[in-house]
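Engineer: One file is attached below, protein.txt, containing compact mmCIF, C-alpha atoms.
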```txt
# COMPACT_ATOMS: atom_id res chain seq x y z
CA MET W 900 -28.58 5.42 -23.35
CA PRO W 901 -25.48 3.23 -22.96
CA THR W 902 -25.81 0.22 -20.71
CA HIS W 903 -22.23 -1.00 -20.83
CA LEU W 904 -18.75 0.41 -20.56
CA VAL W 905 -16.44 -1.02 -23.21
CA ILE W 906 -12.71 -0.86 -22.66
CA SER W 907 -10.66 -2.05 -25.59
CA LYS W 908 -6.90 -2.07 -25.84
CA GLY W 909 -4.61 -4.17 -27.99
CA THR W 910 -5.97 -7.68 -28.29
CA GLU W 911 -8.23 -7.42 -25.24
CA LEU W 912 -11.70 -6.06 -24.70
CA LEU W 913 -13.58 -5.67 -21.44
CA ARG W 914 -17.34 -5.01 -21.50
CA VAL W 915 -19.00 -4.27 -18.18
CA PRO W 916 -22.66 -3.48 -17.42
CA LEU W 917 -22.68 -0.07 -15.78
CA ASP W 918 -24.56 -1.22 -12.71
CA ALA W 919 -22.03 -4.02 -12.21
CA LEU W 920 -19.00 -1.73 -12.16
CA MET W 921 -18.19 -1.00 -8.52
CA TYR W 922 -14.83 0.71 -8.75
CA VAL W 923 -11.59 1.07 -10.67
CA SER W 924 -8.34 1.47 -8.78
CA ALA W 925 -4.94 2.66 -9.96
CA ASP W 926 -1.95 0.39 -9.67
CA GLY W 927 0.97 2.38 -11.04
CA ASN W 928 0.50 2.56 -14.79
CA TYR W 929 -2.22 -0.08 -14.61
CA SER W 930 -5.81 -0.03 -13.46
CA THR W 931 -7.93 -2.71 -11.88
CA VAL W 932 -11.64 -2.92 -12.64
CA VAL W 933 -13.66 -4.51 -9.85
CA THR W 934 -17.20 -5.65 -10.57
CA ARG W 935 -20.12 -6.60 -8.36
CA ASP W 936 -19.24 -10.28 -8.55
CA SER W 937 -15.96 -9.26 -6.84
CA ARG W 938 -13.91 -10.13 -9.89
CA ALA W 939 -10.89 -7.94 -10.59
CA THR W 940 -9.59 -7.34 -14.10
CA LEU W 941 -6.20 -5.73 -14.63
CA LEU W 942 -6.03 -3.20 -17.46
CA THR W 943 -2.81 -1.98 -19.03
CA MET W 944 -3.92 1.64 -18.98
CA GLN W 945 -3.78 4.44 -16.49
CA LEU W 946 -6.77 5.45 -14.41
CA GLY W 947 -7.03 8.82 -16.17
CA ARG W 948 -7.58 7.03 -19.46
CA VAL W 949 -10.35 4.92 -17.91
CA GLU W 950 -11.97 8.12 -16.66
CA THR W 951 -11.83 9.58 -20.16
CA LEU W 952 -13.45 6.45 -21.63
CA ILE W 953 -16.28 6.64 -19.11
CA SER W 954 -16.80 10.31 -19.91
CA GLU W 955 -16.69 9.75 -23.68
CA GLN W 956 -18.96 6.71 -23.76
CA LEU W 957 -21.48 7.61 -21.10
CA GLY W 958 -21.62 11.39 -21.24
CA SER W 959 -23.82 12.85 -18.53
CA SER W 960 -25.20 9.40 -17.68
CA GLY W 961 -21.73 8.63 -16.37
CA ASN W 962 -22.30 10.99 -13.49
CA VAL W 963 -22.75 8.12 -11.05
CA PHE W 964 -19.02 7.58 -11.38
CA ILE W 965 -16.73 9.75 -9.30
CA ARG W 966 -13.02 10.16 -9.64
CA ALA W 967 -11.81 10.13 -6.04
CA GLY W 968 -8.26 11.42 -5.92
CA ARG W 969 -5.59 9.95 -8.16
CA GLY W 970 -6.20 6.37 -7.15
CA LEU W 971 -9.91 5.60 -7.51
CA ILE W 972 -12.97 5.81 -9.69
CA ILE W 973 -16.02 4.69 -7.75
CA ASN W 974 -19.62 4.02 -8.60
CA SER W 975 -21.41 6.36 -6.21
CA GLU W 976 -24.50 4.14 -6.25
CA TYR W 977 -22.55 1.68 -4.10
CA ILE W 978 -21.23 4.08 -1.47
CA ASN W 979 -22.33 2.40 1.71
CA PHE W 980 -20.11 3.73 4.48
CA ILE W 981 -17.60 6.54 4.90
CA ASP W 982 -15.41 7.03 7.94
CA VAL W 983 -13.28 10.10 7.33
CA SER W 984 -11.15 9.81 10.45
CA ARG W 985 -10.24 6.17 9.84
CA GLN W 986 -9.98 6.72 6.08
CA ILE W 987 -12.42 3.94 5.28
CA LEU W 988 -14.75 3.87 2.30
CA VAL W 989 -17.06 0.88 1.92
CA LEU W 990 -18.72 0.12 -1.39
CA SER W 991 -21.52 -2.41 -1.10
CA ASP W 992 -24.62 -3.53 -2.93
CA CYS W 993 -25.93 -4.70 0.46
CA SER W 994 -26.48 -8.16 -0.94
CA GLY W 995 -23.13 -9.84 -0.75
CA SER W 996 -20.68 -7.64 -2.61
CA ARG W 997 -18.68 -5.49 -0.22
CA HIS W 998 -15.33 -3.77 -0.68
CA GLU W 999 -13.44 -1.79 1.94
CA LEU W 1000 -11.21 0.84 0.38
CA SER W 1001 -8.94 3.51 1.71
CA ALA W 1002 -8.72 7.10 0.50
CA SER W 1003 -7.37 10.38 1.80
CA ARG W 1004 -9.33 12.18 4.49
CA GLU W 1005 -9.88 15.14 2.16
CA VAL W 1006 -11.39 12.94 -0.53
CA LEU W 1007 -13.62 11.14 1.95
CA ALA W 1008 -14.78 14.41 3.48
CA LYS W 1009 -15.72 15.68 0.01
CA LEU W 1010 -17.47 12.45 -0.89
CA LYS W 1011 -19.44 12.62 2.34
CA GLU W 1012 -20.33 16.21 1.64
CA TYR W 1013 -21.38 15.37 -1.89
CA ILE W 1014 -23.61 12.48 -0.85
CA GLU W 1015 -25.18 14.69 1.82
CA SER W 1016 -25.85 17.36 -0.79
CA THR W 1017 -27.74 14.88 -2.97
CA VAL W 1018 -30.31 14.14 -0.26
CA LYS W 1019 -31.04 17.73 0.72
CA MET P 818 -10.19 11.13 -28.01
CA GLY P 819 -10.32 13.15 -24.83
CA LYS P 820 -7.41 14.24 -22.76
CA GLU P 821 -7.13 13.08 -19.17
CA LYS P 822 -7.40 15.97 -16.75
CA ASP P 823 -5.11 16.12 -13.75
CA ILE P 824 -6.57 15.56 -10.36
CA LYS P 825 -5.02 15.92 -6.95
CA ASP P 826 -5.17 13.36 -4.18
CA ASP P 827 -7.49 15.57 -2.17
CA GLU P 828 -9.98 16.19 -4.98
CA ILE P 829 -13.00 14.40 -6.33
CA ARG P 830 -14.62 14.85 -9.73
CA ILE P 831 -17.99 13.70 -10.95
CA ILE P 832 -17.37 12.09 -14.31
CA GLY P 833 -19.45 13.24 -17.26
CA VAL P 834 -20.52 16.51 -15.66
CA PRO P 835 -18.77 19.70 -16.80
CA GLU P 836 -17.27 21.64 -13.92
CA SER P 837 -19.27 24.68 -15.00
CA ALA P 838 -22.41 22.61 -14.46
CA GLY P 839 -21.41 21.66 -10.95
CA GLY P 840 -19.20 18.67 -11.60
CA LYS P 841 -16.87 19.81 -8.90
CA GLY P 842 -18.61 22.76 -7.41
CA ALA P 843 -22.00 21.37 -6.40
CA TYR P 844 -20.86 20.88 -2.87
CA LYS P 845 -18.41 23.76 -2.54
CA LYS P 846 -18.67 25.88 0.57
CA SER P 847 -17.80 29.49 0.97
CA LEU P 848 -14.36 30.31 2.30
CA TRP P 849 -15.79 31.47 5.61
CA GLU P 850 -17.85 28.31 5.97
CA ARG P 851 -14.77 26.23 5.30
CA ILE P 852 -12.68 28.12 7.86
CA SER P 853 -15.47 27.87 10.38
CA SER P 854 -15.88 24.18 9.80
CA ILE P 855 -12.22 23.32 10.17
CA ALA P 856 -11.36 25.63 13.05
CA PRO P 857 -12.53 23.29 15.84
CA ALA P 858 -10.85 20.33 14.16
CA ALA P 859 -7.64 22.29 13.74
CA ALA P 860 -7.66 23.16 17.43
CA ILE P 861 -8.12 19.50 18.36
CA VAL P 862 -5.35 18.45 15.98
CA ALA P 863 -3.01 21.02 17.51
CA ILE P 864 -3.73 19.74 21.03
CA VAL P 865 -3.28 16.11 19.98
CA ALA P 866 -0.06 16.98 18.14
CA ALA P 867 1.28 18.69 21.25
CA ILE P 868 0.48 15.62 23.38
CA CYS P 869 2.08 13.32 20.79
CA LEU P 870 5.21 15.43 20.71
CA ALA P 871 5.40 15.39 24.48
CA VAL P 872 5.08 11.58 24.56
CA TRP P 873 7.54 11.23 21.70
CA PHE P 874 10.27 13.01 23.60
CA ILE P 875 9.89 11.14 26.88
CA PRO P 876 13.43 9.87 27.57
CA GLY P 877 13.84 6.15 26.88
CA ARG P 878 10.82 5.96 24.56
CA GLY P 879 12.23 6.12 21.10
CA TYR P 880 8.96 5.22 19.46
CA VAL P 881 5.37 4.71 20.48
CA VAL P 882 3.11 2.06 19.09
CA HIS P 883 -0.57 2.59 19.59
CA GLY P 884 -3.16 -0.12 19.47
CA ASP P 885 -6.14 1.32 17.62
CA ALA P 886 -5.76 -1.03 14.67
CA VAL P 887 -8.66 -1.10 12.24
CA ALA P 888 -9.53 -3.42 9.39
CA VAL P 889 -9.17 -1.89 5.94
CA SER P 890 -8.76 -3.31 2.47
CA GLY P 891 -9.83 -6.77 3.58
CA LEU P 892 -7.18 -6.97 6.23
CA ASN P 893 -7.84 -9.25 9.13
CA VAL P 894 -5.97 -7.28 11.73
CA GLU P 895 -4.90 -8.78 15.00
CA GLU P 896 -6.68 -7.33 17.96
CA PRO P 897 -4.41 -5.01 19.89
CA GLY P 898 -3.15 -6.34 23.13
CA ASP P 899 -0.25 -6.18 25.51
CA GLU P 900 1.99 -7.82 22.95
CA HIS P 901 1.68 -4.72 20.80
CA SER P 902 3.38 -2.42 23.20
CA THR P 903 6.93 -1.42 22.47
CA SER P 904 9.40 -3.97 23.72
CA ASP P 905 11.78 -2.85 26.41
CA LEU P 906 14.52 -5.05 24.99
CA PRO P 907 17.38 -3.09 23.49
CA SER P 908 18.09 -3.59 19.80
CA GLU P 909 21.41 -4.94 18.59
CA ASN P 910 23.27 -1.68 18.94
CA GLY P 911 21.36 -0.61 22.03
CA ASP P 912 20.23 2.68 20.51
CA ILE P 913 16.48 2.23 20.41
CA PRO P 914 14.14 -0.44 21.72
CA TYR P 915 12.68 -2.99 19.36
CA LEU P 916 9.25 -2.34 17.92
CA GLY P 917 8.20 -5.95 18.04
CA ASN P 918 7.41 -8.34 20.84
CA TYR P 919 10.21 -10.67 21.85
CA SER P 920 10.76 -13.29 24.49
CA ASP P 921 13.73 -15.38 25.54
CA MET P 922 11.83 -18.55 24.68
CA GLU P 923 12.02 -19.95 21.17
CA GLY P 924 8.40 -20.08 20.05
CA ASP P 925 6.29 -20.75 17.00
CA ALA P 926 6.93 -18.85 13.81
CA TYR P 927 4.48 -16.04 13.18
CA THR P 928 4.22 -12.46 11.94
CA GLU P 929 3.45 -9.63 14.30
CA HIS P 930 1.27 -6.92 12.80
CA LEU P 931 1.48 -3.40 14.18
CA ARG P 932 -0.11 -0.23 12.92
CA ASP P 933 1.05 3.31 13.45
CA THR P 934 1.00 6.75 11.91
CA VAL P 935 4.21 8.64 11.20
CA ASN P 936 4.06 12.17 9.74
CA ASP P 937 0.32 11.63 9.16
CA ILE P 938 1.09 8.56 7.06
CA PRO P 939 -0.73 5.47 8.36
CA LEU P 940 1.52 2.44 8.20
CA ASP P 941 1.14 -1.31 8.50
CA ILE P 942 4.22 -2.87 10.08
CA PHE P 943 4.87 -6.61 9.75
CA ILE P 944 7.59 -8.25 11.85
CA PRO P 945 8.23 -11.96 11.26
CA HIS P 946 9.33 -13.91 14.35
CA ASN P 947 11.18 -17.23 14.58
CA ALA P 948 11.19 -17.48 10.79
CA SER P 949 13.83 -17.64 8.05
CA PRO P 950 13.75 -15.27 5.08
CA GLY P 951 14.24 -16.26 1.46
CA LEU P 952 13.10 -15.54 -2.07
CA TYR P 953 10.52 -17.51 -4.00
CA LEU P 954 9.95 -17.64 -7.74
CA GLY P 955 6.29 -17.85 -8.73
CA VAL P 956 3.25 -17.21 -6.59
CA PRO P 957 3.31 -18.91 -3.19
CA GLU P 958 0.37 -21.12 -2.35
CA LEU P 959 -1.90 -20.11 0.48
CA SER P 960 -2.00 -23.78 1.41
CA ASP P 961 1.73 -23.77 2.24
CA ARG P 962 1.51 -23.58 6.01
CA ARG P 963 5.29 -23.15 6.38
CA ILE P 964 5.00 -19.58 5.13
CA VAL P 965 4.51 -16.94 7.81
CA PHE P 966 4.89 -13.91 5.53
CA ALA P 967 4.91 -13.38 1.77
CA THR P 968 4.96 -10.29 -0.41
CA ARG P 969 6.40 -9.41 -3.81
CA ALA P 970 10.08 -8.45 -3.98
CA ALA P 971 11.86 -7.46 -7.21
CA ASP P 972 10.14 -5.68 -10.09
CA VAL P 973 9.21 -7.58 -13.21
CA ARG P 974 9.17 -5.97 -16.63
CA ALA P 975 5.71 -5.57 -18.11
CA ASP P 976 6.91 -6.16 -21.67
CA ASN P 977 8.85 -9.41 -21.38
CA GLY P 978 8.07 -10.59 -17.85
CA LYS P 979 11.74 -10.72 -16.80
CA ILE P 980 13.16 -9.62 -13.47
CA VAL P 981 14.54 -6.08 -13.27
CA GLY P 982 18.13 -5.98 -11.99
CA ALA P 983 20.35 -8.60 -10.42
CA PHE P 984 18.54 -11.50 -8.81
CA VAL P 985 19.86 -14.65 -7.15
CA LEU P 986 17.59 -17.44 -6.02
CA ASP P 987 19.11 -20.03 -3.68
CA GLY P 988 22.58 -19.51 -5.18
CA GLN P 989 21.35 -19.46 -8.77
CA PRO P 990 21.70 -16.12 -10.61
CA LEU P 991 18.56 -15.55 -12.67
CA SER P 992 19.05 -11.93 -13.68
CA TRP P 993 21.94 -9.51 -13.97
CA GLY P 994 22.36 -5.77 -14.16
CA LEU P 995 22.14 -2.60 -12.12
CA SER P 996 18.84 -0.87 -12.64
CA LYS P 997 18.30 0.24 -9.05
CA LYS P 998 20.91 0.88 -6.41
CA GLY P 999 19.12 -0.64 -3.45
CA TYR P 1000 19.87 -4.24 -2.66
CA CYS P 1001 18.77 -6.99 -0.29
CA GLY P 1002 20.98 -9.98 0.33
CA ILE P 1003 19.79 -13.03 2.27
CA ILE P 1004 22.67 -15.27 3.27
CA ASP P 1005 22.59 -17.95 5.97
CA GLY P 1006 19.22 -16.64 7.10
CA ASN P 1007 20.46 -13.09 7.63
CA ILE P 1008 19.09 -10.13 5.69
CA THR P 1009 21.37 -7.28 4.67
CA ILE P 1010 19.81 -4.18 3.13
CA GLY P 1011 21.87 -1.43 1.59
CA VAL P 1012 22.59 0.96 -1.24
CA ALA P 1013 25.52 0.45 -3.61
CA ASP P 1014 26.35 0.19 -7.29
CA ASN P 1015 28.27 -2.97 -6.61
CA SER P 1016 27.67 -5.29 -3.71
CA PRO P 1017 29.80 -8.32 -2.84
CA LEU P 1018 26.60 -9.90 -1.55
CA PHE P 1019 25.67 -10.85 -5.12
CA GLU P 1020 28.72 -13.10 -5.41
CA GLU P 1021 28.40 -14.27 -1.82
CA ALA P 1022 24.80 -15.27 -2.44
CA THR P 1023 25.82 -17.33 -5.46
CA GLU P 1024 28.62 -19.00 -3.50
CA LYS P 1025 26.65 -19.78 -0.36
CA GLY P 1026 23.27 -20.66 -1.82
CA GLY P 1027 21.75 -17.39 -0.72
CA CYS P 1028 19.42 -14.88 -2.32
CA PHE P 1029 19.82 -11.35 -3.65
CA PHE P 1030 17.66 -8.78 -5.41
CA ARG P 1031 17.69 -5.12 -6.28
CA GLN P 1032 15.07 -2.40 -5.76
CA TYR P 1033 14.69 1.34 -5.32
CA PRO P 1034 16.68 2.52 -2.27
CA LEU P 1035 14.47 4.34 0.24
CA VAL P 1036 16.63 4.88 3.33
CA ASP P 1037 20.42 4.71 3.43
CA ASN P 1038 22.04 4.80 6.89
CA GLY P 1039 19.06 6.65 8.32
CA VAL P 1040 18.87 9.20 5.50
CA PRO P 1041 15.92 9.20 3.06
CA VAL P 1042 16.92 8.62 -0.55
CA GLU P 1043 15.29 10.59 -3.37
CA ASN P 1044 13.93 8.57 -6.28
CA ALA P 1045 12.81 9.67 -9.72
CA PRO P 1046 9.17 8.43 -9.77
CA LYS P 1047 7.02 11.26 -8.39
CA GLY P 1048 3.52 9.80 -8.36
CA LYS P 1049 1.65 8.52 -5.33
CA SER P 1050 0.89 4.89 -4.69
CA ILE P 1051 0.61 2.40 -1.88
CA ARG P 1052 4.23 1.97 -0.85
CA LYS P 1053 5.95 -1.06 0.63
CA ALA P 1054 9.48 -1.63 1.90
CA VAL P 1055 11.68 -4.19 3.58
CA CYS P 1056 13.48 -2.41 6.38
CA ASP P 1057 16.28 -2.84 8.87
CA ARG P 1058 15.64 -0.95 12.07
CA ASN P 1059 18.87 -1.44 13.98
CA GLY P 1060 18.86 -5.18 13.37
CA GLU P 1061 15.11 -5.67 13.53
CA ILE P 1062 13.87 -6.68 10.07
CA MET P 1063 10.34 -5.70 9.11
CA VAL P 1064 8.12 -4.99 6.13
CA VAL P 1065 6.38 -1.61 6.27
CA MET P 1066 3.45 -0.70 4.02
CA SER P 1067 1.65 2.59 3.63
CA ILE P 1068 -2.11 2.29 3.99
CA THR P 1069 -2.73 5.37 1.86
CA PRO P 1070 -1.09 6.34 -1.45
CA GLU P 1071 2.14 8.19 -0.75
CA SER P 1072 5.01 9.65 -2.74
CA PHE P 1073 8.41 8.00 -2.56
CA HIS P 1074 9.69 11.09 -0.77
CA ASP P 1075 7.06 11.11 1.99
CA PHE P 1076 7.24 7.34 2.49
CA SER P 1077 11.04 7.37 2.74
CA GLN P 1078 10.90 10.25 5.21
CA ALA P 1079 8.35 8.40 7.35
CA LEU P 1080 10.58 5.32 7.42
CA ALA P 1081 13.60 7.37 8.43
CA ASP P 1082 11.57 9.13 11.12
CA MET P 1083 10.50 5.82 12.64
CA GLY P 1084 14.15 4.89 13.09
CA ILE P 1085 14.70 2.73 10.02
CA ARG P 1086 18.42 2.62 9.15
CA ASN P 1087 18.17 0.96 5.73
CA ALA P 1088 15.19 0.24 3.52
CA ILE P 1089 14.49 -0.66 -0.07
CA TYR P 1090 11.22 -0.71 -1.96
CA LEU P 1091 9.20 -3.85 -2.66
CA ALA P 1092 7.24 -4.39 -5.87
CA GLY P 1093 3.52 -3.89 -6.28
CA GLY P 1094 2.03 -1.86 -3.43
CA THR P 1095 -1.33 -3.61 -3.56
CA SER P 1096 -0.05 -6.88 -4.96
CA PHE P 1097 -0.84 -10.25 -3.45
CA GLY P 1098 0.56 -10.96 -0.01
CA TYR P 1099 -0.33 -12.67 3.21
CA TYR P 1100 0.92 -13.55 6.66
CA ARG P 1101 0.24 -15.92 9.55
CA ASP P 1102 -0.41 -14.34 12.90
CA LYS P 1103 0.55 -15.68 16.31
CA HIS P 1104 -2.78 -17.46 16.61
CA GLY P 1105 -2.04 -19.43 13.44
CA ASN P 1106 -4.61 -17.52 11.37
CA GLN P 1107 -3.77 -16.74 7.80
CA ASN P 1108 -4.39 -13.10 6.87
CA ILE P 1109 -4.57 -11.80 3.32
CA ILE P 1110 -2.88 -8.40 3.01
CA HIS P 1111 -3.96 -7.91 -0.60
CA GLU P 1112 -5.91 -10.30 -2.77
CA ARG P 1113 -4.44 -11.74 -5.93
CA LYS P 1114 -5.31 -9.72 -9.05
CA GLY P 1115 -4.86 -10.70 -12.66
CA LYS P 1116 -2.34 -13.12 -14.08
CA ALA P 1117 1.13 -13.66 -12.63
CA TYR P 1118 4.20 -12.75 -14.63
CA GLN P 1119 6.55 -15.59 -15.52
CA TYR P 1120 9.23 -14.38 -13.14
CA GLU P 1121 7.00 -12.92 -10.45
CA ASN P 1122 8.96 -13.30 -7.23
CA PHE P 1123 8.32 -12.98 -3.53
CA ILE P 1124 10.26 -12.38 -0.35
CA ILE P 1125 9.08 -14.99 2.08
CA TRP P 1126 9.63 -15.92 5.68
CA TYR P 1127 9.38 -19.64 6.42
CA GLU P 1128 8.93 -21.24 9.80
```
How does this structure look as structure tokens?
Structural biologist:
Amino acid sequence: MPTHLVISKGTELLRVPLDALMYVSADGNYSTVVTRDSRATLLTMQLGRVETLISEQLGSSGNVFIRAGRGLIINSEYINFIDVSRQILVLSDCSGSRHELSASREVLAKLKEYIESTVK
Amino acid sequence: MGKEKDIKDDEIRIIGVPESAGGKGAYKKSLWERISSIAPAAAIVAIVAAICLAVWFIPGRGYVVHGDAVAVSGLNVEEPGDEHSTSDLPSENGDIPYLGNYSDMEGDAYTEHLRDTVNDIPLDIFIPHNASPGLYLGVPELSDRRIVFATRAADVRADNGKIVGAFVLDGQPLSWGLSKKGYCGIIDGNITIGVADNSPLFEEATEKGGCFFRQYPLVDNGVPVENAPKGKSIRKAVCDRNGEIMVVMSITPESFHDFSQALADMGIRNAIYLAGGTSFGYYRDKHGNQNIIHERKGKAYQYENFIIWYE
């Protein structure tokens, strides 16, 4: 079972432990990988390509990662707070790493619904 | 190698799980359940929309600023207060009141931060006060206390790191060419925003030690401008609202079209895009606190440039 996500392009390689990957955000044609130590790494590839790499390398064990709209891939293990009306999504490991993100109301409503479905 | 599947902004997808196995459908509701669940919300939205429309059309109130600011994306948002209400002062041409807070007294330099929603698009609005605009080459230091607002300006090419389109820094031309028709000239402390293939402001900036850059045009004389890129992203613009200069940022990813329309609908006369929606930027509020709009990410390009307001 894979323990790391490896993203290689050109002369650069990024290797991230799966439980350290908090989210990946789109920035135009680029993507930014944010890890639990709050470090951000800019990748010269689109978010869809990152999603494909996760799917290819991790298979079904990648199901903790959720593509949320066009702009985000999040690690669902770190979903800490969702406020649909204020469009706030907080990812946190509850021990110092906390990121407040924004997403569409539709995406947040579906995320909320999905998380609720996992505890029923 | 797999092929990236399209996804809409209102969809989520569990990665690594085929849709047939519930990747998208595990939490789907029936159509009736969905209608039932949204009916009360739709009724509330309709009532709120009706109230908003009624307030919007009260004579003498061109625009309403509400004060329910919230902190997102690491923003340290000023607490709403009386200073966030729409100013009664007329703007330069007397058409619509200013958005920002103004007094007759010359005060400290600071940036006023407002938040509002136009056409369902939540917007951050930054209005520098008592400060002079300019361009800056490189990444401004947070320790520079003279800066009251900073955000990226002209685009930089990813392949060679050079500035896209004509660019003048303090009278010195650093880049030439017409790649985008929007322009911003800063001469003798005054900002002029417009849309033109050729602008005399380029030459004037070189002669008078001013600044000039080009970007996508968003609003031209109150009319939204269509642009080729069709994707959605966090959008940012420098705007002239009847003489009141401000930087407006979308809080959620928006298309060029929707963002331009929102700017036009809030009374912006001329606006051009600013580079890097979630790129590094910060401002100093009226209490002297420094607020990071977006954190710095990755390495800076050689010619990364900022529009800055100095005290």
Engineer: Chain W residues within 6 Å of chain P, counting all atoms listed in the file: which ones, as a ChimeraX atom specification?
Structural biologist: /W:940-941,947,951,954,958-959,961-962,964-969,999-1000,1005-1006,1013
Engineer: Quick one: distance from CA of Ile1089 (chain P) to CA of Gly988 (chain P) in Å, one decimal?
Structural biologist: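 Interatomic distance, CA of Ile1089 (chain P) to CA of Gly988 (chain P): 21.1 Å.
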Engineer: Go ahead and find all residues with at least one atom no further than 12 Å from (18.7, -8.0, 2.1) in the file's coordinates, using all atoms listed in the file; report them as a PyMOL selection string.
Structural biologist: chain P and resi 950-952+970-971+984-985+999-1012+1016+1018-1019+1022+1027-1032+1034+1054-1057+1060+1062-1064+1087-1091+1124-1125
Engineer: So that I can see what lies close to Thr910 (chain W), please list as a PyMOL selection string the residues with an atom at most 12 Å from it, counting only C-alpha atoms and leaving out residues fewer than 4 positions away in the same chain.
Structural biologist: chain W and resi 906+942-943
Engineer: Report the distance between CA of Ile1110 (chain P) and CA of Tyr1127 (chain P) in Å, rounded to one decimal place.
Structural biologist: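 Going from CA of Ile1110 (chain P) over to CA of Tyr1127 (chain P) covers 17.0 Å.
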Engineer: If I take CA of Ser960 (chain W) and CA of Gln986 (chain W), how far is one from the other in Å, to one decimal?
Structural biologist: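 These two atoms are separated by 28.3 Å.
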Engineer: For Gly1039 (chain P), please output as a PyMOL selection string all residues within 7 Å (counting all atoms listed in the file; exclusion window: fewer than 5 positions along the same chain).
Structural biologist: chain P and resi 1081+1085-1087
Engineer: Of the residues P:Thr968, P:Lys1025, P:Asn977, P:Asn918, which is the one nearest to Ile1109 (chain P), using all atoms listed in the file?
Structural biologist: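 Closest residue, counting all atoms listed in the file: P:Thr968.
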Engineer: I want to know what sits within 10 Å of Gln1078 (chain P), based on all atoms listed in the file, with residues of the same chain fewer than 2 positions away left out; could you give that as an MDAnalysis selection string?
Structural biologist: chainID P and resid 935:936 1035:1036 1039:1043 1072:1076 1080:1083 1085
Engineer: Kindly export the residues of the current selection with C-alpha atoms, as a PDB file, in the frame of the given file.
Structural biologist:
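again_39.pdb, freshly written:
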```pdb
ATOM      1  CA  VAL P 935       4.210   8.640  11.200  1.00  0.00           C
ATOM      2  CA  ASN P 936       4.060  12.170   9.740  1.00  0.00           C
ATOM      3  CA  LEU P1035      14.470   4.340   0.240  1.00  0.00           C
ATOM      4  CA  VAL P1036      16.630   4.880   3.330  1.00  0.00           C
ATOM      5  CA  GLY P1039      19.060   6.650   8.320  1.00  0.00           C
ATOM      6  CA  VAL P1040      18.870   9.200   5.500  1.00  0.00           C
ATOM      7  CA  PRO P1041      15.920   9.200   3.060  1.00  0.00           C
ATOM      8  CA  VAL P1042      16.920   8.620  -0.550  1.00  0.00           C
ATOM      9  CA  GLU P1043      15.290  10.590  -3.370  1.00  0.00           C
ATOM     10  CA  SER P1072       5.010   9.650  -2.740  1.00  0.00           C
ATOM     11  CA  PHE P1073       8.410   8.000  -2.560  1.00  0.00           C
ATOM     12  CA  HIS P1074       9.690  11.090  -0.770  1.00  0.00           C
ATOM     13  CA  ASP P1075       7.060  11.110   1.990  1.00  0.00           C
ATOM     14  CA  PHE P1076       7.240   7.340   2.490  1.00  0.00           C
ATOM     15  CA  LEU P1080      10.580   5.320   7.420  1.00  0.00           C
ATOM     16  CA  ALA P1081      13.600   7.370   8.430  1.00  0.00           C
ATOM     17  CA  ASP P1082      11.570   9.130  11.120  1.00  0.00           C
ATOM     18  CA  MET P1083      10.500   5.820  12.640  1.00  0.00           C
ATOM     19  CA  ILE P1085      14.700   2.730  10.020  1.00  0.00           C
TER      20      ILE P1085
END
```
Engineer: So that I can see what lies close to region 958-965 of chain P, please list as a CSV table (one decimal) with C-alpha atoms, keeping the file's coordinate frame the residues with an atom at most 6 Å from it, counting only C-alpha atoms and leaving out residues fewer than 6 positions away in the same chain.
Structural biologist:
```csv
chain,number,residue,atom,x,y,z
P,927,TYR,CA,4.5,-16.0,13.2
P,1100,TYR,CA,0.9,-13.6,6.7
P,1101,ARG,CA,0.2,-15.9,9.6
P,1126,TRP,CA,9.6,-15.9,5.7
P,1127,TYR,CA,9.4,-19.6,6.4
P,1128,GLU,CA,8.9,-21.2,9.8
```
Engineer: Within 10 Å of (-13.2, -5.7, -3.2), in the coordinates the file gives, what residues turn up when you count only C-alpha atoms, written out as a list in words?
Structural biologist: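 Here the neighbourhood of the point contains Met921, Tyr922, Val932, Val933, Thr934, Arg935, Asp936, Ser937, Arg938, Ala939, Val989, Leu990, Ser991, Ser996, Arg997, His998, Glu999 and Leu1000 of chain W; Ser890, Gly891, His1111 and Glu1112 of chain P.
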Engineer: Between P:Gly1105, P:Gly1084, P:Gly1026, P:Gly955, which one has atoms that come closest to Ala926 (chain P), using all atoms listed in the file?
Structural biologist: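 Closest residue, counting all atoms listed in the file: P:Gly1105.
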Engineer: Could you model N, CA and C atoms for region 935-940 of chain P and present them as an mmCIF file, keeping the file's coordinate frame?
Structural biologist:
```cif
data_model
loop_
_atom_site.group_PDB
_atom_site.id
_atom_site.type_symbol
_atom_site.label_atom_id
_atom_site.label_comp_id
_atom_site.auth_asym_id
_atom_site.auth_seq_id
_atom_site.Cartn_x
_atom_site.Cartn_y
_atom_site.Cartn_z
ATOM 1 N N VAL P 935 3.009 7.822 11.111
ATOM 2 C CA VAL P 935 4.210 8.640 11.200
ATOM 3 C C VAL P 935 4.079 9.765 10.174
ATOM 4 N N ASN P 936 4.218 10.995 10.619
ATOM 5 C CA ASN P 936 4.060 12.170 9.740
ATOM 6 C C ASN P 936 2.708 12.135 9.019
ATOM 7 N N ASP P 937 1.662 11.727 9.726
ATOM 8 C CA ASP P 937 0.320 11.630 9.160
ATOM 9 C C ASP P 937 0.183 10.526 8.109
ATOM 10 N N ILE P 938 1.173 9.677 8.008
ATOM 11 C CA ILE P 938 1.090 8.560 7.060
ATOM 12 C C ILE P 938 0.778 7.283 7.844
ATOM 13 N N PRO P 939 -0.422 6.706 7.646
ATOM 14 C CA PRO P 939 -0.730 5.470 8.360
ATOM 15 C C PRO P 939 0.042 4.304 7.764
ATOM 16 N N LEU P 940 0.630 3.510 8.641
ATOM 17 C CA LEU P 940 1.520 2.440 8.200
ATOM 18 C C LEU P 940 1.121 1.103 8.808
#
```
